[in-house]
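Chemist: For reference, the file entry.cif (mmCIF, C-alpha atoms and all ligand atoms) is included below:
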```cif
data_input
loop_
_atom_site.group_PDB
_atom_site.id
_atom_site.type_symbol
_atom_site.label_atom_id
_atom_site.label_comp_id
_atom_site.auth_asym_id
_atom_site.auth_seq_id
_atom_site.Cartn_x
_atom_site.Cartn_y
_atom_site.Cartn_z
ATOM 1 C CA MET A 205 0.000 0.000 0.000
ATOM 2 C CA LYS A 206 1.362 3.403 -1.003
ATOM 3 C CA LEU A 207 1.057 6.164 1.613
ATOM 4 C CA ILE A 208 0.649 9.636 0.157
ATOM 5 C CA ASN A 209 0.442 12.789 2.206
ATOM 6 C CA ASN A 210 0.968 15.516 -0.312
ATOM 7 C CA ILE A 211 -0.950 16.817 -3.275
ATOM 8 C CA ASN A 212 1.820 16.693 -5.881
ATOM 9 C CA SER A 213 2.683 13.050 -5.315
ATOM 10 C CA LEU A 214 -1.013 12.213 -5.367
ATOM 11 C CA LYS A 215 -1.368 13.971 -8.735
ATOM 12 C CA ASP A 216 1.720 12.160 -10.131
ATOM 13 C CA THR A 217 0.451 8.807 -8.899
ATOM 14 C CA ILE A 218 -2.995 9.391 -10.383
ATOM 15 C CA LYS A 219 -1.451 10.428 -13.727
ATOM 16 C CA GLN A 220 0.537 7.191 -13.866
ATOM 17 C CA SER A 221 -2.388 4.974 -12.808
ATOM 18 C CA LYS A 222 -4.103 2.767 -15.345
ATOM 19 C CA GLY A 223 -7.541 1.209 -14.994
ATOM 20 C CA LEU A 224 -10.579 1.924 -12.865
ATOM 21 C CA ILE A 225 -10.032 3.929 -9.703
ATOM 22 C CA GLY A 226 -12.373 3.240 -6.795
ATOM 23 C CA PHE A 227 -12.364 5.978 -4.169
ATOM 24 C CA VAL A 228 -13.505 5.710 -0.542
ATOM 25 C CA PRO A 229 -13.401 9.094 1.251
ATOM 26 C CA THR A 230 -13.308 8.845 5.046
ATOM 27 C CA MET A 231 -12.481 10.828 8.163
ATOM 28 C CA GLY A 232 -10.691 7.803 9.646
ATOM 29 C CA ALA A 233 -11.491 5.883 12.847
ATOM 30 C CA LEU A 234 -12.400 3.128 10.423
ATOM 31 C CA HIS A 235 -14.981 0.490 11.362
ATOM 32 C CA ASP A 236 -16.781 -2.329 9.591
ATOM 33 C CA GLY A 237 -19.049 0.170 7.833
ATOM 34 C CA HIS A 238 -16.012 1.733 6.091
ATOM 35 C CA MET A 239 -14.549 -1.723 5.475
ATOM 36 C CA SER A 240 -17.676 -2.744 3.562
ATOM 37 C CA LEU A 241 -17.187 0.272 1.253
ATOM 38 C CA ILE A 242 -13.522 -0.630 0.768
ATOM 39 C CA LYS A 243 -14.424 -4.279 0.079
ATOM 40 C CA LYS A 244 -16.905 -3.238 -2.594
ATOM 41 C CA ALA A 245 -14.368 -0.823 -4.112
ATOM 42 C CA ARG A 246 -11.790 -3.646 -4.154
ATOM 43 C CA GLU A 247 -14.202 -5.934 -6.027
ATOM 44 C CA GLN A 248 -15.125 -3.342 -8.654
ATOM 45 C CA ASN A 249 -11.876 -1.488 -9.471
ATOM 46 C CA ASP A 250 -8.226 -1.924 -10.470
ATOM 47 C CA ILE A 251 -6.973 0.646 -7.970
ATOM 48 C CA VAL A 252 -8.515 1.388 -4.577
ATOM 49 C CA LEU A 253 -7.747 4.752 -3.000
ATOM 50 C CA VAL A 254 -8.872 5.623 0.538
ATOM 51 C CA SER A 255 -8.555 9.133 1.929
ATOM 52 C CA ILE A 256 -8.452 9.976 5.621
ATOM 53 C CA PHE A 257 -9.055 13.633 6.303
ATOM 54 C CA ILE A 258 -10.986 15.154 9.177
ATOM 55 C CA ASN A 259 -12.513 17.979 7.212
ATOM 56 C CA PRO A 260 -12.726 21.159 9.330
ATOM 57 C CA ALA A 261 -15.152 22.795 6.879
ATOM 58 C CA GLN A 262 -17.976 20.404 7.751
ATOM 59 C CA PHE A 263 -17.832 20.925 11.523
ATOM 60 C CA LEU A 264 -19.731 23.763 13.124
ATOM 61 C CA HIS A 265 -18.343 25.884 15.888
ATOM 62 C CA GLY A 266 -18.579 23.895 19.139
ATOM 63 C CA GLU A 267 -18.838 20.497 17.442
ATOM 64 C CA ASP A 268 -16.344 17.686 17.998
ATOM 65 C CA PHE A 269 -13.724 18.647 15.349
ATOM 66 C CA GLU A 270 -10.957 18.962 17.949
ATOM 67 C CA HIS A 271 -11.925 15.651 19.558
ATOM 68 C CA TYR A 272 -13.009 13.643 16.527
ATOM 69 C CA PRO A 273 -11.750 10.076 17.105
ATOM 70 C CA THR A 274 -8.452 9.234 15.370
ATOM 71 C CA LYS A 275 -6.632 5.918 15.189
ATOM 72 C CA ILE A 276 -4.282 6.336 12.280
ATOM 73 C CA SER A 277 -2.050 3.295 12.823
ATOM 74 C CA GLU A 278 -5.043 0.929 13.197
ATOM 75 C CA ASP A 279 -6.639 2.573 10.133
ATOM 76 C CA ASN A 280 -3.422 2.046 8.232
ATOM 77 C CA ASN A 281 -3.329 -1.662 9.113
ATOM 78 C CA MET A 282 -6.985 -2.141 8.283
ATOM 79 C CA CYS A 283 -6.495 -0.556 4.855
ATOM 80 C CA LYS A 284 -3.418 -2.704 4.186
ATOM 81 C CA LEU A 285 -5.278 -5.885 5.118
ATOM 82 C CA ALA A 286 -8.243 -4.874 2.955
ATOM 83 C CA GLY A 287 -6.011 -4.548 -0.123
ATOM 84 C CA VAL A 288 -6.096 -0.757 -0.438
ATOM 85 C CA ASP A 289 -3.532 0.442 -3.009
ATOM 86 C CA ILE A 290 -3.224 4.092 -1.984
ATOM 87 C CA LEU A 291 -3.908 5.751 1.362
ATOM 88 C CA PHE A 292 -4.103 9.542 1.047
ATOM 89 C CA THR A 293 -3.825 11.547 4.272
ATOM 90 C CA PRO A 294 -3.576 15.265 3.493
ATOM 91 C CA THR A 295 -3.377 18.060 6.054
ATOM 92 C CA LYS A 296 -5.779 20.963 6.401
ATOM 93 C CA ASP A 297 -3.224 23.417 4.950
ATOM 94 C CA MET A 298 -2.838 21.297 1.834
ATOM 95 C CA MET A 299 -6.564 21.069 1.276
ATOM 96 C CA TYR A 300 -7.663 24.621 2.037
ATOM 97 C CA ALA A 301 -6.556 28.169 1.229
ATOM 98 C CA ASP A 302 -7.574 31.202 3.287
ATOM 99 C CA ASP A 303 -10.096 32.858 1.026
ATOM 100 C CA GLU A 304 -11.196 30.372 -1.539
ATOM 101 C CA VAL A 305 -13.910 29.568 -4.062
ATOM 102 C CA VAL A 306 -16.678 27.701 -2.275
ATOM 103 C CA VAL A 307 -19.378 25.240 -3.233
ATOM 104 C CA LYS A 308 -22.878 25.901 -1.925
ATOM 105 C CA ALA A 309 -25.181 22.991 -1.183
ATOM 106 C CA PRO A 310 -28.734 23.421 -2.564
ATOM 107 C CA MET A 311 -30.966 25.328 -0.121
ATOM 108 C CA LEU A 312 -34.065 23.123 -0.127
ATOM 109 C CA SER A 313 -32.427 19.792 0.551
ATOM 110 C CA SER A 314 -29.410 20.859 2.581
ATOM 111 C CA TYR A 315 -30.954 23.184 5.202
ATOM 112 C CA MET A 316 -33.404 20.580 6.487
ATOM 113 C CA LEU A 317 -32.882 17.640 8.886
ATOM 114 C CA GLU A 318 -29.091 17.327 9.394
ATOM 115 C CA GLY A 319 -28.599 20.702 7.688
ATOM 116 C CA LEU A 320 -31.156 22.397 9.936
ATOM 117 C CA LYS A 321 -29.351 21.164 13.033
ATOM 118 C CA ARG A 322 -25.960 21.785 11.434
ATOM 119 C CA PRO A 323 -26.357 24.789 9.062
ATOM 120 C CA GLY A 324 -23.506 24.932 6.564
ATOM 121 C CA HIS A 325 -22.393 21.372 7.306
ATOM 122 C CA PHE A 326 -23.219 20.159 3.797
ATOM 123 C CA ASP A 327 -21.443 23.118 2.164
ATOM 124 C CA GLY A 328 -18.301 21.857 3.879
ATOM 125 C CA VAL A 329 -18.944 18.244 2.893
ATOM 126 C CA LEU A 330 -19.475 19.123 -0.776
ATOM 127 C CA GLN A 331 -16.442 21.419 -0.777
ATOM 128 C CA VAL A 332 -14.065 18.697 0.354
ATOM 129 C CA VAL A 333 -15.664 15.922 -1.702
ATOM 130 C CA LEU A 334 -15.411 18.039 -4.861
ATOM 131 C CA LYS A 335 -11.746 18.809 -4.128
ATOM 132 C CA LEU A 336 -11.040 15.117 -3.566
ATOM 133 C CA PHE A 337 -12.944 14.124 -6.711
ATOM 134 C CA ASN A 338 -10.923 16.659 -8.740
ATOM 135 C CA LEU A 339 -7.633 15.392 -7.360
ATOM 136 C CA ILE A 340 -8.377 11.684 -7.620
ATOM 137 C CA GLN A 341 -10.679 11.580 -10.659
ATOM 138 C CA PRO A 342 -12.171 8.269 -9.591
ATOM 139 C CA THR A 343 -14.321 6.092 -11.805
ATOM 140 C CA ASN A 344 -16.394 5.013 -8.822
ATOM 141 C CA ALA A 345 -16.814 6.650 -5.407
ATOM 142 C CA TYR A 346 -18.350 4.817 -2.449
ATOM 143 C CA PHE A 347 -20.690 6.293 0.165
ATOM 144 C CA GLY A 348 -22.773 4.679 2.891
ATOM 145 C CA LYS A 349 -26.552 4.966 3.095
ATOM 146 C CA LYS A 350 -26.240 5.781 6.797
ATOM 147 C CA ASP A 351 -25.431 9.379 5.842
ATOM 148 C CA ALA A 352 -28.431 9.400 3.540
ATOM 149 C CA GLN A 353 -28.718 13.164 3.155
ATOM 150 C CA GLN A 354 -24.995 13.458 2.421
ATOM 151 C CA LEU A 355 -25.313 10.695 -0.173
ATOM 152 C CA SER A 356 -28.286 12.394 -1.837
ATOM 153 C CA LEU A 357 -26.476 15.775 -1.986
ATOM 154 C CA ILE A 358 -23.297 14.231 -3.382
ATOM 155 C CA LYS A 359 -25.371 12.523 -6.091
ATOM 156 C CA GLN A 360 -26.993 15.869 -6.850
ATOM 157 C CA MET A 361 -23.599 17.627 -7.010
ATOM 158 C CA VAL A 362 -22.295 15.008 -9.445
ATOM 159 C CA SER A 363 -25.353 15.498 -11.613
ATOM 160 C CA ASP A 364 -25.580 19.323 -11.367
ATOM 161 C CA LEU A 365 -21.854 19.914 -11.958
ATOM 162 C CA PHE A 366 -21.651 17.280 -14.751
ATOM 163 C CA LEU A 367 -19.006 15.214 -12.984
ATOM 164 C CA ASP A 368 -18.144 11.938 -14.651
ATOM 165 C CA ILE A 369 -18.106 9.767 -11.518
ATOM 166 C CA ASN A 370 -20.334 6.870 -10.507
ATOM 167 C CA ILE A 371 -21.612 7.211 -6.969
ATOM 168 C CA ILE A 372 -21.981 3.746 -5.478
ATOM 169 C CA GLU A 373 -24.448 3.533 -2.573
ATOM 170 C CA CYS A 374 -23.515 1.030 0.119
ATOM 171 C CA GLU A 375 -25.792 -0.582 2.715
ATOM 172 C CA ILE A 376 -25.730 0.380 6.397
ATOM 173 C CA ILE A 377 -23.635 -2.028 8.464
ATOM 174 C CA ARG A 378 -25.024 -2.764 11.920
ATOM 175 C CA GLU A 379 -23.737 -4.305 15.134
ATOM 176 C CA ASN A 380 -25.404 -7.637 16.048
ATOM 177 C CA ASP A 381 -27.929 -5.782 18.196
ATOM 178 C CA GLY A 382 -28.915 -3.456 15.335
ATOM 179 C CA LEU A 383 -26.950 -0.305 16.253
ATOM 180 C CA ALA A 384 -25.691 1.300 13.037
ATOM 181 C CA MET A 385 -21.891 1.453 12.968
ATOM 182 C CA SER A 386 -20.453 4.917 13.435
ATOM 183 C CA SER A 387 -17.088 6.347 14.453
ATOM 184 C CA ARG A 388 -18.970 8.289 17.132
ATOM 185 C CA ASN A 389 -20.320 5.110 18.821
ATOM 186 C CA ILE A 390 -17.137 5.067 20.904
ATOM 187 C CA TYR A 391 -18.498 8.090 22.790
ATOM 188 C CA LEU A 392 -21.348 5.939 24.208
ATOM 189 C CA ASP A 393 -21.057 4.427 27.667
ATOM 190 C CA ALA A 394 -22.917 1.173 28.480
ATOM 191 C CA ASN A 395 -26.124 2.941 29.480
ATOM 192 C CA ASP A 396 -26.114 5.304 26.474
ATOM 193 C CA ARG A 397 -25.472 2.374 24.193
ATOM 194 C CA LYS A 398 -28.524 0.552 25.566
ATOM 195 C CA LEU A 399 -30.644 3.668 24.991
ATOM 196 C CA ALA A 400 -29.222 4.037 21.481
ATOM 197 C CA LEU A 401 -30.715 0.666 20.512
ATOM 198 C CA ASN A 402 -34.148 2.285 20.588
ATOM 199 C CA ILE A 403 -33.294 4.080 17.339
ATOM 200 C CA TYR A 404 -33.232 0.830 15.417
ATOM 201 C CA LYS A 405 -36.314 -0.382 17.320
ATOM 202 C CA SER A 406 -38.206 2.711 16.171
ATOM 203 C CA LEU A 407 -37.127 2.095 12.561
ATOM 204 C CA LYS A 408 -38.278 -1.532 12.917
ATOM 205 C CA THR A 409 -41.624 -0.234 14.183
ATOM 206 C CA ALA A 410 -41.917 1.748 10.950
ATOM 207 C CA SER A 411 -40.914 -1.131 8.686
ATOM 208 C CA ASN A 412 -43.348 -3.494 10.451
ATOM 209 C CA MET A 413 -46.172 -0.986 9.956
ATOM 210 C CA ILE A 414 -45.313 -0.711 6.268
ATOM 211 C CA LYS A 415 -45.266 -4.520 5.976
ATOM 212 C CA GLN A 416 -48.817 -4.398 7.341
ATOM 213 C CA ASN A 417 -49.713 -1.936 4.556
ATOM 214 C CA HIS A 418 -49.747 1.265 6.623
ATOM 215 C CA THR A 419 -48.678 4.066 4.287
ATOM 216 C CA ASN A 420 -49.620 7.201 6.232
ATOM 217 C CA CYS A 421 -46.353 8.905 7.165
ATOM 218 C CA GLU A 422 -47.889 10.966 9.986
ATOM 219 C CA GLN A 423 -49.159 7.823 11.735
ATOM 220 C CA ILE A 424 -45.837 6.051 11.248
ATOM 221 C CA ILE A 425 -44.002 9.024 12.792
ATOM 222 C CA ILE A 426 -46.406 8.989 15.809
ATOM 223 C CA ASN A 427 -45.699 5.304 16.445
ATOM 224 C CA MET A 428 -41.951 5.845 16.049
ATOM 225 C CA THR A 429 -42.085 8.754 18.485
ATOM 226 C CA ASN A 430 -43.802 6.449 20.999
ATOM 227 C CA ALA A 431 -41.027 3.890 20.529
ATOM 228 C CA LEU A 432 -38.507 6.621 21.409
ATOM 229 C CA ILE A 433 -40.335 7.996 24.433
ATOM 230 C CA GLY A 434 -37.985 9.460 27.071
ATOM 231 C CA LEU A 435 -35.221 10.063 24.530
ATOM 232 C CA ASP A 436 -34.033 13.383 23.178
ATOM 233 C CA ILE A 437 -35.431 13.200 19.637
ATOM 234 C CA GLU A 438 -33.984 15.740 17.183
ATOM 235 C CA TYR A 439 -36.087 14.617 14.263
ATOM 236 C CA ILE A 440 -38.041 11.763 12.754
ATOM 237 C CA SER A 441 -38.720 12.332 9.094
ATOM 238 C CA ILE A 442 -39.992 10.510 6.037
ATOM 239 C CA VAL A 443 -38.722 11.743 2.667
ATOM 240 C CA ASN A 444 -38.215 10.531 -0.880
ATOM 241 C CA GLN A 445 -34.711 9.968 -2.236
ATOM 242 C CA ARG A 446 -34.479 13.651 -3.302
ATOM 243 C CA PHE A 447 -35.179 14.585 0.311
ATOM 244 C CA ARG A 448 -38.634 16.019 -0.237
ATOM 245 C CA LYS A 449 -41.065 15.269 2.605
ATOM 246 C CA ILE A 450 -43.798 12.830 1.600
ATOM 247 C CA GLU A 451 -47.230 12.062 3.086
ATOM 248 C CA LYS A 452 -47.583 8.478 1.890
ATOM 249 C CA ILE A 453 -44.943 5.772 1.714
ATOM 250 C CA ILE A 454 -43.744 5.117 -1.837
ATOM 251 C CA ILE A 455 -42.152 1.674 -1.980
ATOM 252 C CA GLY A 456 -38.744 2.006 -3.649
ATOM 253 C CA ASP A 457 -38.502 5.758 -3.042
ATOM 254 C CA THR A 458 -38.789 6.358 0.697
ATOM 255 C CA ILE A 459 -36.212 6.986 3.393
ATOM 256 C CA ILE A 460 -37.218 7.060 7.056
ATOM 257 C CA LEU A 461 -34.718 8.972 9.163
ATOM 258 C CA VAL A 462 -34.134 9.443 12.867
ATOM 259 C CA ALA A 463 -31.702 11.627 14.798
ATOM 260 C CA ILE A 464 -31.495 11.521 18.582
ATOM 261 C CA LYS A 465 -29.122 12.719 21.208
ATOM 262 C CA VAL A 466 -27.910 10.211 23.778
ATOM 263 C CA GLY A 467 -25.955 12.016 26.474
ATOM 264 C CA LYS A 468 -23.750 14.372 24.481
ATOM 265 C CA THR A 469 -23.671 12.160 21.403
ATOM 266 C CA ARG A 470 -25.839 12.753 18.335
ATOM 267 C CA LEU A 471 -26.767 9.568 16.534
ATOM 268 C CA ILE A 472 -28.467 9.229 13.170
ATOM 269 C CA ASP A 473 -29.925 6.207 11.453
ATOM 270 C CA ASN A 474 -32.378 5.416 8.677
ATOM 271 C CA ILE A 475 -34.012 2.736 6.609
ATOM 272 C CA TRP A 476 -34.707 2.773 2.895
ATOM 273 C CA ILE A 477 -38.089 1.405 1.888
HETATM 274 O O1 LIG A 501 -18.885 10.711 5.547
HETATM 275 C C1 LIG A 501 -17.779 11.184 5.877
HETATM 276 O O2 LIG A 501 -16.970 10.543 6.550
HETATM 277 C C2 LIG A 501 -17.404 12.604 5.424
HETATM 278 O O3 LIG A 501 -18.516 13.436 5.431
HETATM 279 C C3 LIG A 501 -16.693 12.629 4.069
HETATM 280 C C4 LIG A 501 -17.578 12.135 2.952
HETATM 281 C C5 LIG A 501 -15.432 11.784 4.131
HETATM 282 C C6 LIG A 501 -16.306 14.074 3.719
HETATM 283 O O4 LIG A 501 -15.465 14.622 4.674
#
```
Is it possible to express this structure as structure tokens?
Modeler:
Amino acid sequence: MKLINNINSLKDTIKQSKGLIGFVPTMGALHDGHMSLIKKAREQNDIVLVSIFINPAQFLHGEDFEHYPTKISEDNNMCKLAGVDILFTPTKDMMYADDEVVVKAPMLSSYMLEGLKRPGHFDGVLQVVLKLFNLIQPTNAYFGKKDAQQLSLIKQMVSDLFLDINIIECEIIRENDGLAMSSRNIYLDANDRKLALNIYKSLKTASNMIKQNHTNCEQIIINMTNALIGLDIEYISIVNQRFRKIEKIIIGDTIILVAIKVGKTRLIDNIWI
């Protein structure tokens, strides 16, 4: 595995590379969710490139940027074992200038849900993803469905800015008890972790209702809220894949999303119907 930590050697390496490039952007603290993206990239491409960069532009003031979990030597080993060809670990100064051209996420779908709680977050995500896409010029780029709104906005950016990159959506990977894998799960103590399981239970409540042919989103949200009673719910929402709120479930084009706070930790999860 080649380790690259500067822009010029990345550009040289990309210029010399032949074949399909599969790109997995990450902020490190890799877990099985990331590994499933890397595995898929390995199956579908000649070259697999993983980036690890904790992107300051997507953190709001007071969020956990300074304390975001890092475990670079474990990440390194995991990438090596997974057959990654190139691990790119730039610094903030390499990626950003002081007063630079910025990408703006679309208003309607980026200032709702995650974007309402974290205004500007998706501008920062799109900014860094576009920079990475331009540097790496991947054939395929891999994103998890857990960050459903991020995935939808990245797909929209690729389409709106005419980028020639396939966005590959990857399934949510869960612990045995149903908790969606996340780098932030390490913040949870035993009690918080038990409470966090209610998120998946509430999503199961929704999917069971839909299996029994309930399609009214308002009623589904009421039952999910009941399943989360006593917890600090930030939102429960039912949208289509373009992140427009819907009133009735549309099989094949519905995402049910939940965000709650457990202790100081924000957790998000969703299911695609
Ligand atoms: O999903 C993430 O880890 C980040 O938002 C991403 C896509 C690597 C951009 O910083």
Chemist: The residues within 6 Å of (-6.0, 8.5, -0.8), using all atoms listed in the file and the coordinates of the file, should be reported as a VMD selection string; which are they?
Modeler: chain A and resid 253 to 255 290 to 292
Chemist: So, counting all atoms listed in the file, which residue among A:Val288, A:Lys350, A:Ala301, A:Leu207 is closest to ligand LIG 501 (chain A)?
Modeler: A:Lys350
Chemist: Kindly resolve the PyMOL selection byres (((not hetatm)) within 6 of (chain A and resi 501)) on the present coordinates and return the residues as a ChimeraX atom specification.
Modeler: /A:229-231,259,329,333
Chemist: Contacts of range 386-388 of chain A at 6 Å or less, counting all atoms listed in the file, minus same-chain residues fewer than 2 places along, as number ranges by chain?
Modeler: A: 233, 390-391
Chemist: Which neighbours of Glu375 in chain A fall inside 12 Å, counting all atoms listed in the file, when residues of the same chain fewer than 4 positions from it are skipped, and could you give them as a list in words?
Modeler: Asp236, Gly237, His238, Met239, Ser240, Leu241, Lys244, Tyr346, Phe347, Gly348, Lys349, Lys350, Asp351, Ala352, Leu355, Ala384, Met385, Asp473, Asn474, Ile475 and Trp476 of chain A
Chemist: Excluding same-chain residues fewer than 3 positions from Lys222 in chain A, what lies within 12 Å of it counting only C-alpha atoms, as a list in words?
Modeler: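 The filter keeps Thr217, Ile218, Lys219, Ile225, Gly226, Asn249, Asp250, Ile251, Val252, Gln341, Pro342 and Thr343 of chain A.
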Chemist: For the structure provided, state which residues fall under the PyMOL selection byres (((chain A and resi 308-310) around 9) and not hetatm), and present them as a list in words.
Modeler: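 Expected selection for the PyMOL selection byres (((chain A and resi 308-310) around 9) and not hetatm) here is Val306, Val307, Met311, Leu312, Ser313, Ser314, Tyr315, Gly324, Phe326, Asp327, Gly328, Val329, Leu330, Gln331, Leu357, Gln360 and Met361 of chain A.
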Chemist: For this file, the PyMOL selection byres (((chain A and resi 409) around 12) and not hetatm) selects which residues, as a list in words?
Modeler: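 Evaluating the PyMOL selection byres (((chain A and resi 409) around 12) and not hetatm) on this file yields Asn402, Ile403, Tyr404, Lys405, Ser406, Leu407, Lys408, Ala410, Ser411, Asn412, Met413, Ile414, Lys415, Gln416, His418, Gln423, Ile424, Ile425, Ile426, Asn427, Met428, Thr429, Asn430, Ala431, Leu432, Ile460 and Ile475 of chain A.
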Chemist: With all atoms listed in the file as the basis for distance, which of A:Ile371, A:Met299, A:Leu317, A:Val466 is at the shortest distance from Asn395 in chain A?
Modeler: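 The shortest atom-to-atom distance to Asn395 in chain A comes from A:Val466.
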Chemist: What does the structure give for the distance between CA of Arg322 in chain A and CA of Ala394 in chain A, in Å to one decimal?
Modeler: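 CA of Arg322 in chain A sits 26.9 Å away from CA of Ala394 in chain A.
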Chemist: Within 9 Å of Leu214 in chain A, counting all atoms listed in the file, which residues show up once you throw out same-chain ones fewer than 6 positions away? Write them as JSON, numbers by chain, please.
Modeler: {"A": [208, 292, 339, 340]}
Chemist: Counting all atoms listed in the file, which residues sit no farther than 10 Å from the position (-35.0, 13.3, 0.8) in the file's frame? I'd like them as a ChimeraX atom specification.
Modeler: /A:312-314,316-317,352-353,356-357,441-450,457-461
Chemist: Write the selection just made, keeping C-alpha atoms, as a PDB file, in the coordinates of the input?
Modeler:
```
ATOM      1  CA  LEU A 312     -34.065  23.123  -0.127  1.00  0.00           C
ATOM      2  CA  SER A 313     -32.427  19.792   0.551  1.00  0.00           C
ATOM      3  CA  SER A 314     -29.410  20.859   2.581  1.00  0.00           C
ATOM      4  CA  MET A 316     -33.404  20.580   6.487  1.00  0.00           C
ATOM      5  CA  LEU A 317     -32.882  17.640   8.886  1.00  0.00           C
ATOM      6  CA  ALA A 352     -28.431   9.400   3.540  1.00  0.00           C
ATOM      7  CA  GLN A 353     -28.718  13.164   3.155  1.00  0.00           C
ATOM      8  CA  SER A 356     -28.286  12.394  -1.837  1.00  0.00           C
ATOM      9  CA  LEU A 357     -26.476  15.775  -1.986  1.00  0.00           C
ATOM     10  CA  SER A 441     -38.720  12.332   9.094  1.00  0.00           C
ATOM     11  CA  ILE A 442     -39.992  10.510   6.037  1.00  0.00           C
ATOM     12  CA  VAL A 443     -38.722  11.743   2.667  1.00  0.00           C
ATOM     13  CA  ASN A 444     -38.215  10.531  -0.880  1.00  0.00           C
ATOM     14  CA  GLN A 445     -34.711   9.968  -2.236  1.00  0.00           C
ATOM     15  CA  ARG A 446     -34.479  13.651  -3.302  1.00  0.00           C
ATOM     16  CA  PHE A 447     -35.179  14.585   0.311  1.00  0.00           C
ATOM     17  CA  ARG A 448     -38.634  16.019  -0.237  1.00  0.00           C
ATOM     18  CA  LYS A 449     -41.065  15.269   2.605  1.00  0.00           C
ATOM     19  CA  ILE A 450     -43.798  12.830   1.600  1.00  0.00           C
ATOM     20  CA  ASP A 457     -38.502   5.758  -3.042  1.00  0.00           C
ATOM     21  CA  THR A 458     -38.789   6.358   0.697  1.00  0.00           C
ATOM     22  CA  ILE A 459     -36.212   6.986   3.393  1.00  0.00           C
ATOM     23  CA  ILE A 460     -37.218   7.060   7.056  1.00  0.00           C
ATOM     24  CA  LEU A 461     -34.718   8.972   9.163  1.00  0.00           C
TER      25      LEU A 461
END
```
